[in-house]
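Colleague: Here it is: the structure, laid out below.
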Amino acid sequence: MSNELSYPKTSANKVNRFNNRAHYDTTTIHNIINTTSVLHVSFLTPSNPKDPTSPQLPTILPMIGQMGSFTYPSSDESEALDCYLHGYVSSRLMNLSRNSTATQKGIPVCIAATKVDGLVLSLTPNSHSYNYRSAILHGTATLVEDVEEKIYAMRLITESVLRGRWLGTRVPPNEAELSSTSVLRVAVSSASAKIRAGGPSDDRKDIEREEVTGRVWTGVVPVWEMMGCPVPAGDGVGGEAPGYIVEYVEGRNKREKGHAEEAVGKAYGS
């Protein structure tokens, strides 16, 4: 029996449509979050910022985030982790978190991550799809007040942008930089992932029509995020990029391309 951790199924995270694509294990979910460049964070905010009792409106912000554990920094993606997000100190989300009362103990958020691995081109428009990996987290966001934890989260997020970059910069952040940046720790209460891979899945009635199959091309166009060659700026050391940058770019491009091409050969259904 596997000892791998999984998030329990709840009304919030249970996948209903195409539930054969659902994943609840921590490794799959955390990896999708950690390899997605931009996370979309949803929360409720008063329609009138000056009146906290005004009707609330849904708001979504693109943010950079990463899964981690300050208490157990050596934890890997298979273990219980928090999601760290950072942003400007006076941003709307940070202000809401700062103003939340002690009884609220933070604000509820939903975090979404999606990676597209291919365009699935079928016989009919209605059967077109993507090969994709997506994950949703539900949890409670609170401001990180401890300086050591804040620096831990800033390093974690910087390393998610480009591995090795933290020590490749002027560190640690100075007092002004720490003051202008806020970090949120999201304690995850539920989560799930959904993955689609494979080729087209057309109805038999269309597959058996030669006048359709004889003129319509079907298949998958693999899609992956690709990084280009590093271009030096005028404010730092010129010339060729350091080896850790080149190595990261080449490694990430190889992994992303591999995911996309591997997804073509799998079959999760349409």
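Labels used: A, B, ... for chains in the order of the structure tokens, numbers from 1 for residues in each chain, and numbers from 1 for ligands as shown.
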So that each row is one residue of stretch 145-245 of chain A with an atom at most 6 Å from stretch 66-90 of chain A, can you give its shortest atom pair and the distance in Å to one decimal, using only C-alpha atoms, rows by chain and rising number, as a Markdown table?
Modeller:
```
| residue | atom | partner | partner_atom | distance |
| --- | --- | --- | --- | --- |
| A:Ile157 | CA | A:Gln66 | CA | 5.8 |
| A:Ser180 | CA | A:Val89 | CA | 5.2 |
| A:Thr181 | CA | A:Tyr88 | CA | 4.9 |
| A:Ser182 | CA | A:Val89 | CA | 4.8 |
| A:Val183 | CA | A:His86 | CA | 4.3 |
| A:Leu184 | CA | A:Leu85 | CA | 5.1 |
| A:Arg185 | CA | A:Tyr84 | CA | 4.8 |
| A:Val186 | CA | A:Cys83 | CA | 5.0 |
| A:Ala187 | CA | A:Asp82 | CA | 5.2 |
```
Colleague: Save the residues we just selected, N, CA, C and O atoms, as a compact mmCIF listing (two decimals), in the first residue's frame?
Modeller:
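What follows is the written file result.txt:
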```txt
# COMPACT_ATOMS: atom_id res chain seq x y z
N ILE A 157 10.86 31.62 -3.50
CA ILE A 157 10.21 32.14 -4.70
C ILE A 157 11.24 32.57 -5.74
O ILE A 157 11.06 32.33 -6.94
N SER A 180 9.20 46.82 1.92
CA SER A 180 8.33 47.09 0.76
C SER A 180 7.68 45.82 0.21
O SER A 180 6.83 45.89 -0.69
N THR A 181 8.08 44.66 0.72
CA THR A 181 7.55 43.39 0.23
C THR A 181 6.81 42.67 1.34
O THR A 181 7.30 42.59 2.47
N SER A 182 5.63 42.18 1.02
CA SER A 182 4.89 41.35 1.96
C SER A 182 4.83 39.92 1.43
O SER A 182 4.85 39.69 0.22
N VAL A 183 4.78 38.98 2.35
CA VAL A 183 4.70 37.57 2.00
C VAL A 183 3.48 36.96 2.67
O VAL A 183 3.22 37.20 3.85
N LEU A 184 2.72 36.20 1.89
CA LEU A 184 1.57 35.48 2.42
C LEU A 184 1.89 34.00 2.51
O LEU A 184 2.51 33.43 1.61
N ARG A 185 1.48 33.41 3.61
CA ARG A 185 1.55 31.96 3.75
C ARG A 185 0.12 31.43 3.66
O ARG A 185 -0.74 31.81 4.43
N VAL A 186 -0.12 30.56 2.69
CA VAL A 186 -1.44 29.98 2.51
C VAL A 186 -1.43 28.56 3.08
O VAL A 186 -0.73 27.69 2.57
N ALA A 187 -2.19 28.38 4.15
CA ALA A 187 -2.35 27.04 4.72
C ALA A 187 -3.42 26.33 3.89
O ALA A 187 -4.58 26.74 3.86
```
Colleague: Within 9 Å of stretch 131-147 of chain A, counting only C-alpha atoms, which residues qualify if same-chain residues fewer than 5 places away don't, as a short mmCIF file (atom, residue, chain, number, x, y, z; two decimals) with all heavy atoms, in the first residue's frame?
Modeller:
```cif
data_model
loop_
_atom_site.label_atom_id
_atom_site.label_comp_id
_atom_site.auth_asym_id
_atom_site.auth_seq_id
_atom_site.Cartn_x
_atom_site.Cartn_y
_atom_site.Cartn_z
N ALA A 12 -15.38 20.99 -1.89
CA ALA A 12 -14.63 22.08 -2.51
C ALA A 12 -13.68 21.61 -3.59
O ALA A 12 -13.48 22.28 -4.60
CB ALA A 12 -13.85 22.85 -1.44
N ASN A 13 -13.06 20.42 -3.41
CA ASN A 13 -12.01 20.02 -4.35
C ASN A 13 -12.33 18.80 -5.19
O ASN A 13 -11.56 18.42 -6.06
CB ASN A 13 -10.70 19.78 -3.59
CG ASN A 13 -10.74 18.50 -2.75
OD1 ASN A 13 -11.80 18.06 -2.31
ND2 ASN A 13 -9.58 17.91 -2.50
N HIS A 23 -6.58 13.94 -9.72
CA HIS A 23 -5.46 13.53 -8.88
C HIS A 23 -5.55 14.31 -7.58
O HIS A 23 -5.77 15.53 -7.57
CB HIS A 23 -4.12 13.82 -9.55
CG HIS A 23 -3.90 13.07 -10.84
ND1 HIS A 23 -3.14 11.93 -10.91
CD2 HIS A 23 -4.37 13.29 -12.10
CE1 HIS A 23 -3.14 11.48 -12.16
NE2 HIS A 23 -3.88 12.29 -12.90
N THR A 28 1.75 15.28 -7.22
CA THR A 28 1.24 15.79 -8.49
C THR A 28 0.79 17.23 -8.36
O THR A 28 1.14 18.09 -9.19
CB THR A 28 0.06 14.92 -8.98
OG1 THR A 28 0.52 13.59 -9.20
CG2 THR A 28 -0.52 15.47 -10.27
N ILE A 29 0.02 17.52 -7.32
CA ILE A 29 -0.53 18.87 -7.15
C ILE A 29 0.58 19.89 -6.91
O ILE A 29 0.64 20.95 -7.56
CB ILE A 29 -1.54 18.88 -5.99
CG1 ILE A 29 -2.75 18.02 -6.35
CG2 ILE A 29 -1.98 20.31 -5.66
CD1 ILE A 29 -3.67 17.71 -5.19
N HIS A 30 1.47 19.58 -5.99
CA HIS A 30 2.53 20.53 -5.65
C HIS A 30 3.49 20.76 -6.82
O HIS A 30 3.98 21.88 -7.02
CB HIS A 30 3.31 20.04 -4.43
CG HIS A 30 2.49 20.00 -3.18
ND1 HIS A 30 2.90 19.34 -2.03
CD2 HIS A 30 1.27 20.53 -2.89
CE1 HIS A 30 1.98 19.49 -1.10
NE2 HIS A 30 0.97 20.19 -1.60
N ILE A 32 2.73 20.71 -10.03
CA ILE A 32 2.09 21.60 -11.00
C ILE A 32 2.18 23.04 -10.53
O ILE A 32 2.49 23.96 -11.30
CB ILE A 32 0.62 21.19 -11.23
CG1 ILE A 32 0.56 19.83 -11.94
CG2 ILE A 32 -0.12 22.24 -12.07
CD1 ILE A 32 -0.83 19.24 -12.04
N ILE A 33 1.92 23.26 -9.23
CA ILE A 33 2.03 24.62 -8.67
C ILE A 33 3.46 25.13 -8.83
O ILE A 33 3.70 26.26 -9.27
CB ILE A 33 1.63 24.62 -7.18
CG1 ILE A 33 0.15 24.26 -7.01
CG2 ILE A 33 1.94 25.98 -6.54
CD1 ILE A 33 -0.82 25.29 -7.51
N CYS A 83 1.65 27.23 0.72
CA CYS A 83 1.94 27.96 -0.52
C CYS A 83 2.31 29.39 -0.14
O CYS A 83 1.54 30.08 0.52
CB CYS A 83 0.73 27.95 -1.45
SG CYS A 83 1.08 28.74 -3.06
N TYR A 84 3.50 29.81 -0.55
CA TYR A 84 3.98 31.16 -0.26
C TYR A 84 3.79 32.05 -1.49
O TYR A 84 4.13 31.67 -2.61
CB TYR A 84 5.45 31.14 0.14
CG TYR A 84 5.69 30.62 1.54
CD1 TYR A 84 6.01 29.28 1.75
CD2 TYR A 84 5.59 31.46 2.65
CE1 TYR A 84 6.23 28.79 3.05
CE2 TYR A 84 5.81 30.98 3.93
CZ TYR A 84 6.13 29.65 4.13
OH TYR A 84 6.33 29.17 5.40
N MET A 94 -2.62 42.19 0.08
CA MET A 94 -1.84 42.34 1.30
C MET A 94 -2.58 43.20 2.32
O MET A 94 -2.57 42.91 3.52
CB MET A 94 -0.47 42.95 0.99
CG MET A 94 0.37 42.12 0.03
SD MET A 94 0.59 40.39 0.59
CE MET A 94 1.52 39.70 -0.77
N SER A 97 -5.32 41.17 3.92
CA SER A 97 -4.76 40.23 4.90
C SER A 97 -4.34 40.96 6.17
O SER A 97 -4.56 40.48 7.28
CB SER A 97 -3.54 39.52 4.31
OG SER A 97 -3.89 38.78 3.17
N ARG A 98 -3.77 42.15 6.00
CA ARG A 98 -3.31 42.92 7.16
C ARG A 98 -4.49 43.39 8.01
O ARG A 98 -4.39 43.45 9.25
CB ARG A 98 -2.50 44.12 6.66
CG ARG A 98 -1.78 44.89 7.75
CD ARG A 98 -0.88 45.95 7.16
NE ARG A 98 0.17 45.36 6.34
CZ ARG A 98 0.20 45.41 5.02
NH1 ARG A 98 -0.77 46.01 4.35
NH2 ARG A 98 1.18 44.85 4.34
N SER A 100 -7.42 41.91 8.26
CA SER A 100 -8.29 40.85 8.74
C SER A 100 -8.19 40.78 10.26
O SER A 100 -7.12 40.95 10.85
CB SER A 100 -7.90 39.50 8.13
OG SER A 100 -6.60 39.13 8.51
N LYS A 105 -8.43 35.14 11.36
CA LYS A 105 -7.17 34.42 11.18
C LYS A 105 -6.81 34.24 9.71
O LYS A 105 -6.50 33.14 9.25
CB LYS A 105 -7.23 33.06 11.89
CG LYS A 105 -7.38 33.18 13.40
CD LYS A 105 -7.40 31.83 14.07
CE LYS A 105 -7.56 31.96 15.57
NZ LYS A 105 -7.63 30.65 16.26
N GLY A 106 -6.88 35.35 8.97
CA GLY A 106 -6.54 35.31 7.56
C GLY A 106 -7.76 35.38 6.66
O GLY A 106 -8.89 35.48 7.13
N ILE A 107 -7.50 35.36 5.36
CA ILE A 107 -8.60 35.45 4.40
C ILE A 107 -8.60 34.21 3.50
O ILE A 107 -7.55 33.68 3.16
CB ILE A 107 -8.50 36.72 3.54
CG1 ILE A 107 -7.18 36.75 2.76
CG2 ILE A 107 -8.62 37.97 4.41
CD1 ILE A 107 -7.10 37.89 1.78
N PRO A 108 -9.80 33.74 3.11
CA PRO A 108 -9.86 32.57 2.23
C PRO A 108 -9.43 32.93 0.81
O PRO A 108 -9.81 33.98 0.29
CB PRO A 108 -11.34 32.17 2.29
CG PRO A 108 -12.06 33.42 2.68
CD PRO A 108 -11.12 34.20 3.55
N VAL A 109 -8.66 32.06 0.19
CA VAL A 109 -8.20 32.27 -1.18
C VAL A 109 -8.31 30.96 -1.95
O VAL A 109 -8.37 29.87 -1.37
CB VAL A 109 -6.74 32.77 -1.24
CG1 VAL A 109 -6.59 34.13 -0.58
CG2 VAL A 109 -5.79 31.76 -0.62
N CYS A 110 -8.33 31.10 -3.27
CA CYS A 110 -8.26 29.95 -4.17
C CYS A 110 -7.14 30.23 -5.15
O CYS A 110 -7.06 31.32 -5.72
CB CYS A 110 -9.59 29.77 -4.91
SG CYS A 110 -9.60 28.40 -6.09
N ILE A 111 -6.26 29.26 -5.34
CA ILE A 111 -5.09 29.43 -6.20
C ILE A 111 -5.18 28.43 -7.35
O ILE A 111 -5.39 27.23 -7.12
CB ILE A 111 -3.80 29.20 -5.41
CG1 ILE A 111 -3.70 30.20 -4.25
CG2 ILE A 111 -2.57 29.32 -6.32
CD1 ILE A 111 -2.56 29.92 -3.29
N ALA A 112 -5.02 28.92 -8.57
CA ALA A 112 -5.14 28.07 -9.75
C ALA A 112 -3.84 28.10 -10.56
O ALA A 112 -3.20 29.14 -10.70
CB ALA A 112 -6.30 28.52 -10.64
N ALA A 113 -3.45 26.92 -11.06
CA ALA A 113 -2.27 26.80 -11.92
C ALA A 113 -2.62 25.92 -13.10
O ALA A 113 -3.26 24.88 -12.93
CB ALA A 113 -1.10 26.19 -11.14
N THR A 114 -2.23 26.34 -14.30
CA THR A 114 -2.53 25.55 -15.51
C THR A 114 -1.34 25.55 -16.44
O THR A 114 -0.72 26.59 -16.69
CB THR A 114 -3.75 26.13 -16.25
OG1 THR A 114 -4.87 26.17 -15.38
CG2 THR A 114 -4.09 25.27 -17.47
N LYS A 115 -1.01 24.38 -16.97
CA LYS A 115 0.03 24.23 -17.97
C LYS A 115 -0.57 23.51 -19.17
O LYS A 115 -1.18 22.44 -19.01
CB LYS A 115 1.21 23.44 -17.41
CG LYS A 115 1.86 24.09 -16.20
CD LYS A 115 3.05 23.28 -15.71
CE LYS A 115 4.25 23.44 -16.60
NZ LYS A 115 4.83 24.80 -16.59
N VAL A 116 -0.44 24.08 -20.36
CA VAL A 116 -0.95 23.47 -21.58
C VAL A 116 0.17 22.67 -22.23
O VAL A 116 1.26 23.19 -22.48
CB VAL A 116 -1.49 24.54 -22.56
CG1 VAL A 116 -1.92 23.90 -23.87
CG2 VAL A 116 -2.65 25.29 -21.93
N ASP A 117 -0.09 21.39 -22.51
CA ASP A 117 0.91 20.50 -23.10
C ASP A 117 0.64 20.17 -24.56
O ASP A 117 1.49 19.55 -25.22
CB ASP A 117 0.98 19.20 -22.31
CG ASP A 117 1.53 19.40 -20.91
OD1 ASP A 117 2.49 20.18 -20.75
OD2 ASP A 117 1.00 18.78 -19.96
N GLY A 118 -0.53 20.54 -25.08
CA GLY A 118 -0.80 20.22 -26.48
C GLY A 118 -2.16 20.67 -26.94
O GLY A 118 -3.09 20.80 -26.13
N LEU A 119 -2.29 20.92 -28.25
CA LEU A 119 -3.57 21.22 -28.88
C LEU A 119 -4.11 19.93 -29.47
O LEU A 119 -3.47 19.32 -30.32
CB LEU A 119 -3.40 22.26 -29.98
CG LEU A 119 -2.57 23.51 -29.66
CD1 LEU A 119 -2.50 24.42 -30.89
CD2 LEU A 119 -3.14 24.25 -28.46
N VAL A 120 -5.25 19.49 -28.99
CA VAL A 120 -5.83 18.22 -29.45
C VAL A 120 -6.86 18.54 -30.53
O VAL A 120 -7.92 19.11 -30.26
CB VAL A 120 -6.48 17.46 -28.28
CG1 VAL A 120 -7.05 16.13 -28.77
CG2 VAL A 120 -5.46 17.22 -27.16
N TYR A 152 13.08 33.24 4.08
CA TYR A 152 12.97 31.88 3.55
C TYR A 152 12.03 31.86 2.34
O TYR A 152 12.35 31.27 1.30
CB TYR A 152 12.44 30.94 4.63
CG TYR A 152 11.85 29.65 4.08
CD1 TYR A 152 12.68 28.59 3.73
CD2 TYR A 152 10.48 29.51 3.90
CE1 TYR A 152 12.15 27.42 3.20
CE2 TYR A 152 9.94 28.34 3.37
CZ TYR A 152 10.77 27.31 3.02
OH TYR A 152 10.23 26.16 2.49
N LEU A 178 12.85 44.54 2.46
CA LEU A 178 11.98 43.72 3.30
C LEU A 178 10.71 44.47 3.67
O LEU A 178 9.62 43.89 3.73
CB LEU A 178 12.73 43.29 4.57
CG LEU A 178 13.79 42.22 4.40
CD1 LEU A 178 14.57 42.03 5.69
CD2 LEU A 178 13.15 40.90 3.97
N SER A 182 5.63 42.18 1.02
CA SER A 182 4.89 41.35 1.96
C SER A 182 4.83 39.92 1.43
O SER A 182 4.85 39.69 0.22
CB SER A 182 3.46 41.87 2.14
OG SER A 182 3.46 43.06 2.91
N VAL A 183 4.78 38.98 2.35
CA VAL A 183 4.70 37.57 2.00
C VAL A 183 3.48 36.96 2.67
O VAL A 183 3.22 37.20 3.85
CB VAL A 183 5.96 36.80 2.44
CG1 VAL A 183 5.79 35.30 2.24
CG2 VAL A 183 7.18 37.29 1.67
N LEU A 184 2.72 36.20 1.89
CA LEU A 184 1.57 35.48 2.42
C LEU A 184 1.89 34.00 2.51
O LEU A 184 2.51 33.43 1.61
CB LEU A 184 0.35 35.66 1.51
CG LEU A 184 -0.32 37.03 1.46
CD1 LEU A 184 -1.44 37.01 0.43
CD2 LEU A 184 -0.86 37.43 2.82
N ARG A 185 1.48 33.41 3.61
CA ARG A 185 1.55 31.96 3.75
C ARG A 185 0.12 31.43 3.66
O ARG A 185 -0.74 31.81 4.43
CB ARG A 185 2.14 31.56 5.10
CG ARG A 185 2.27 30.03 5.27
CD ARG A 185 2.42 29.59 6.72
NE ARG A 185 3.27 30.45 7.51
CZ ARG A 185 2.80 31.29 8.44
NH1 ARG A 185 1.49 31.38 8.67
NH2 ARG A 185 3.61 32.05 9.14
N VAL A 186 -0.12 30.56 2.69
CA VAL A 186 -1.44 29.98 2.51
C VAL A 186 -1.43 28.56 3.08
O VAL A 186 -0.73 27.69 2.57
CB VAL A 186 -1.85 29.95 1.02
CG1 VAL A 186 -3.23 29.31 0.86
CG2 VAL A 186 -1.84 31.36 0.43
N ALA A 187 -2.19 28.38 4.15
CA ALA A 187 -2.35 27.04 4.72
C ALA A 187 -3.42 26.33 3.89
O ALA A 187 -4.58 26.74 3.86
CB ALA A 187 -2.78 27.13 6.17
N VAL A 188 -3.02 25.29 3.19
CA VAL A 188 -3.92 24.62 2.23
C VAL A 188 -4.88 23.69 2.97
O VAL A 188 -4.47 22.83 3.74
CB VAL A 188 -3.11 23.82 1.19
CG1 VAL A 188 -4.03 23.17 0.18
CG2 VAL A 188 -2.09 24.73 0.50
N SER A 189 -6.17 23.89 2.73
CA SER A 189 -7.19 23.05 3.35
C SER A 189 -7.68 21.95 2.42
O SER A 189 -8.07 20.87 2.87
CB SER A 189 -8.37 23.90 3.81
OG SER A 189 -8.92 24.64 2.73
N SER A 190 -7.68 22.21 1.12
CA SER A 190 -8.07 21.19 0.14
C SER A 190 -7.42 21.52 -1.20
O SER A 190 -7.08 22.67 -1.47
CB SER A 190 -9.59 21.11 -0.02
OG SER A 190 -10.09 22.28 -0.66
N ALA A 191 -7.24 20.49 -2.01
CA ALA A 191 -6.59 20.69 -3.31
C ALA A 191 -6.87 19.50 -4.21
O ALA A 191 -7.17 18.40 -3.74
CB ALA A 191 -5.08 20.86 -3.13
N SER A 192 -6.78 19.73 -5.50
CA SER A 192 -6.92 18.66 -6.48
C SER A 192 -6.23 19.07 -7.77
O SER A 192 -5.95 20.25 -7.99
CB SER A 192 -8.40 18.34 -6.75
OG SER A 192 -9.07 19.47 -7.28
N ALA A 193 -5.92 18.08 -8.58
CA ALA A 193 -5.33 18.31 -9.89
C ALA A 193 -6.16 17.59 -10.94
O ALA A 193 -6.86 16.62 -10.64
CB ALA A 193 -3.89 17.83 -9.93
N LYS A 194 -6.06 18.07 -12.17
CA LYS A 194 -6.75 17.43 -13.28
C LYS A 194 -5.79 17.42 -14.46
O LYS A 194 -5.20 18.45 -14.79
CB LYS A 194 -8.04 18.18 -13.61
CG LYS A 194 -9.04 17.40 -14.45
CD LYS A 194 -10.34 18.18 -14.59
CE LYS A 194 -11.38 17.40 -15.39
NZ LYS A 194 -12.63 18.17 -15.56
N ILE A 195 -5.62 16.24 -15.05
CA ILE A 195 -4.65 16.08 -16.14
C ILE A 195 -5.31 15.42 -17.33
O ILE A 195 -6.00 14.41 -17.19
CB ILE A 195 -3.45 15.23 -15.67
CG1 ILE A 195 -2.72 15.93 -14.52
CG2 ILE A 195 -2.49 14.97 -16.83
CD1 ILE A 195 -1.60 15.09 -13.92
N ARG A 196 -5.09 15.99 -18.49
CA ARG A 196 -5.57 15.39 -19.73
C ARG A 196 -4.36 15.14 -20.60
O ARG A 196 -3.52 16.02 -20.81
CB ARG A 196 -6.55 16.33 -20.44
CG ARG A 196 -7.42 15.67 -21.52
CD ARG A 196 -6.80 15.64 -22.88
NE ARG A 196 -7.76 15.12 -23.86
CZ ARG A 196 -7.45 14.52 -24.98
NH1 ARG A 196 -6.17 14.35 -25.30
NH2 ARG A 196 -8.37 14.09 -25.81
N ALA A 197 -4.22 13.93 -21.12
CA ALA A 197 -3.13 13.59 -22.03
C ALA A 197 -3.64 12.59 -23.05
O ALA A 197 -4.64 11.91 -22.83
CB ALA A 197 -1.96 13.01 -21.25
N GLY A 198 -2.97 12.51 -24.17
CA GLY A 198 -3.38 11.57 -25.20
C GLY A 198 -3.80 12.26 -26.48
O GLY A 198 -3.64 13.47 -26.64
N GLY A 199 -4.35 11.48 -27.38
CA GLY A 199 -4.78 12.00 -28.68
C GLY A 199 -6.26 12.33 -28.70
O GLY A 199 -6.93 12.32 -27.67
N VAL A 220 -2.29 15.83 -32.52
CA VAL A 220 -1.93 16.70 -31.41
C VAL A 220 -0.75 17.58 -31.81
O VAL A 220 0.22 17.09 -32.40
CB VAL A 220 -1.55 15.88 -30.16
CG1 VAL A 220 -1.13 16.80 -29.02
CG2 VAL A 220 -2.70 14.99 -29.73
N PRO A 222 2.03 19.39 -30.00
CA PRO A 222 2.63 19.57 -28.67
C PRO A 222 2.92 21.04 -28.39
O PRO A 222 3.31 21.80 -29.29
CB PRO A 222 3.93 18.76 -28.76
CG PRO A 222 3.70 17.78 -29.86
CD PRO A 222 2.85 18.50 -30.85
N VAL A 223 2.69 21.45 -27.15
CA VAL A 223 2.90 22.83 -26.72
C VAL A 223 3.77 22.81 -25.48
O VAL A 223 3.53 22.05 -24.55
CB VAL A 223 1.56 23.52 -26.41
CG1 VAL A 223 1.81 24.93 -25.84
CG2 VAL A 223 0.68 23.61 -27.66
N ALA A 260 5.36 17.69 -22.93
CA ALA A 260 4.42 17.85 -24.03
C ALA A 260 4.43 16.64 -24.97
O ALA A 260 3.38 16.17 -25.40
CB ALA A 260 4.76 19.13 -24.82
N ALA A 263 2.93 13.53 -23.26
CA ALA A 263 1.47 13.59 -23.11
C ALA A 263 0.74 13.07 -24.34
O ALA A 263 -0.38 12.56 -24.23
CB ALA A 263 1.03 15.03 -22.83
N VAL A 264 1.35 13.19 -25.51
CA VAL A 264 0.70 12.72 -26.74
C VAL A 264 0.46 11.21 -26.68
O VAL A 264 -0.56 10.71 -27.16
CB VAL A 264 1.56 13.07 -27.97
CG1 VAL A 264 0.91 12.53 -29.24
CG2 VAL A 264 1.76 14.57 -28.07
N SER A 270 -10.98 12.09 -23.58
CA SER A 270 -11.10 13.43 -24.16
C SER A 270 -11.59 14.42 -23.15
O SER A 270 -12.02 14.06 -22.08
CB SER A 270 -12.06 13.39 -25.34
OG SER A 270 -13.35 13.01 -24.90
#
```
Colleague: To one decimal place in Å, what is the distance between atom CA of A:Ser6 and atom CA of A:Tyr24?
Modeller: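 Taking atom CA of A:Ser6 as the start and atom CA of A:Tyr24 as the end point, the length is 5.3 Å.
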Colleague: Among stretch 13-252 of chain A, which ones does DSSP assign to strand (DSSP E) (computed from the backbone)? Answer as number ranges by chain.
Modeller: A: 22-23, 39-46, 56-63, 65-68, 82-88, 107-121, 129-143, 181-196, 219-222
Colleague: Could you please write out, as a list in words, every residue of stretch 9-156 of chain A that DSSP assigns to alpha helix (DSSP H)?
Modeller: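 In stretch 9-156 of chain A, DSSP puts these residues in alpha helix (DSSP H): Thr26, Thr27, Thr28, Ile29, His30, Asn31, Ile32, Ile33, Asn34, Arg92, Leu93, Met94, Asn95, Leu96, Ser97, Arg98, Asn99, Val147, Glu148, Glu149, Lys150, Ile151, Tyr152, Ala153, Met154, Arg155 and Leu156 of chain A.
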Colleague: Nearest to A:Gly258 among A:Thr218, A:Glu225, A:Thr53, A:Pro242, with distances taken over only C-alpha atoms: which residue is it?
Modeller: A:Glu225
Colleague: From the list A:Ala241, A:Leu39, A:Leu123, A:Ile60, which residue is nearest A:Trp217 when using only C-alpha atoms?
Modeller: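 Nearest candidate to A:Trp217 out of A:Ala241, A:Leu39, A:Leu123, A:Ile60: A:Leu123.
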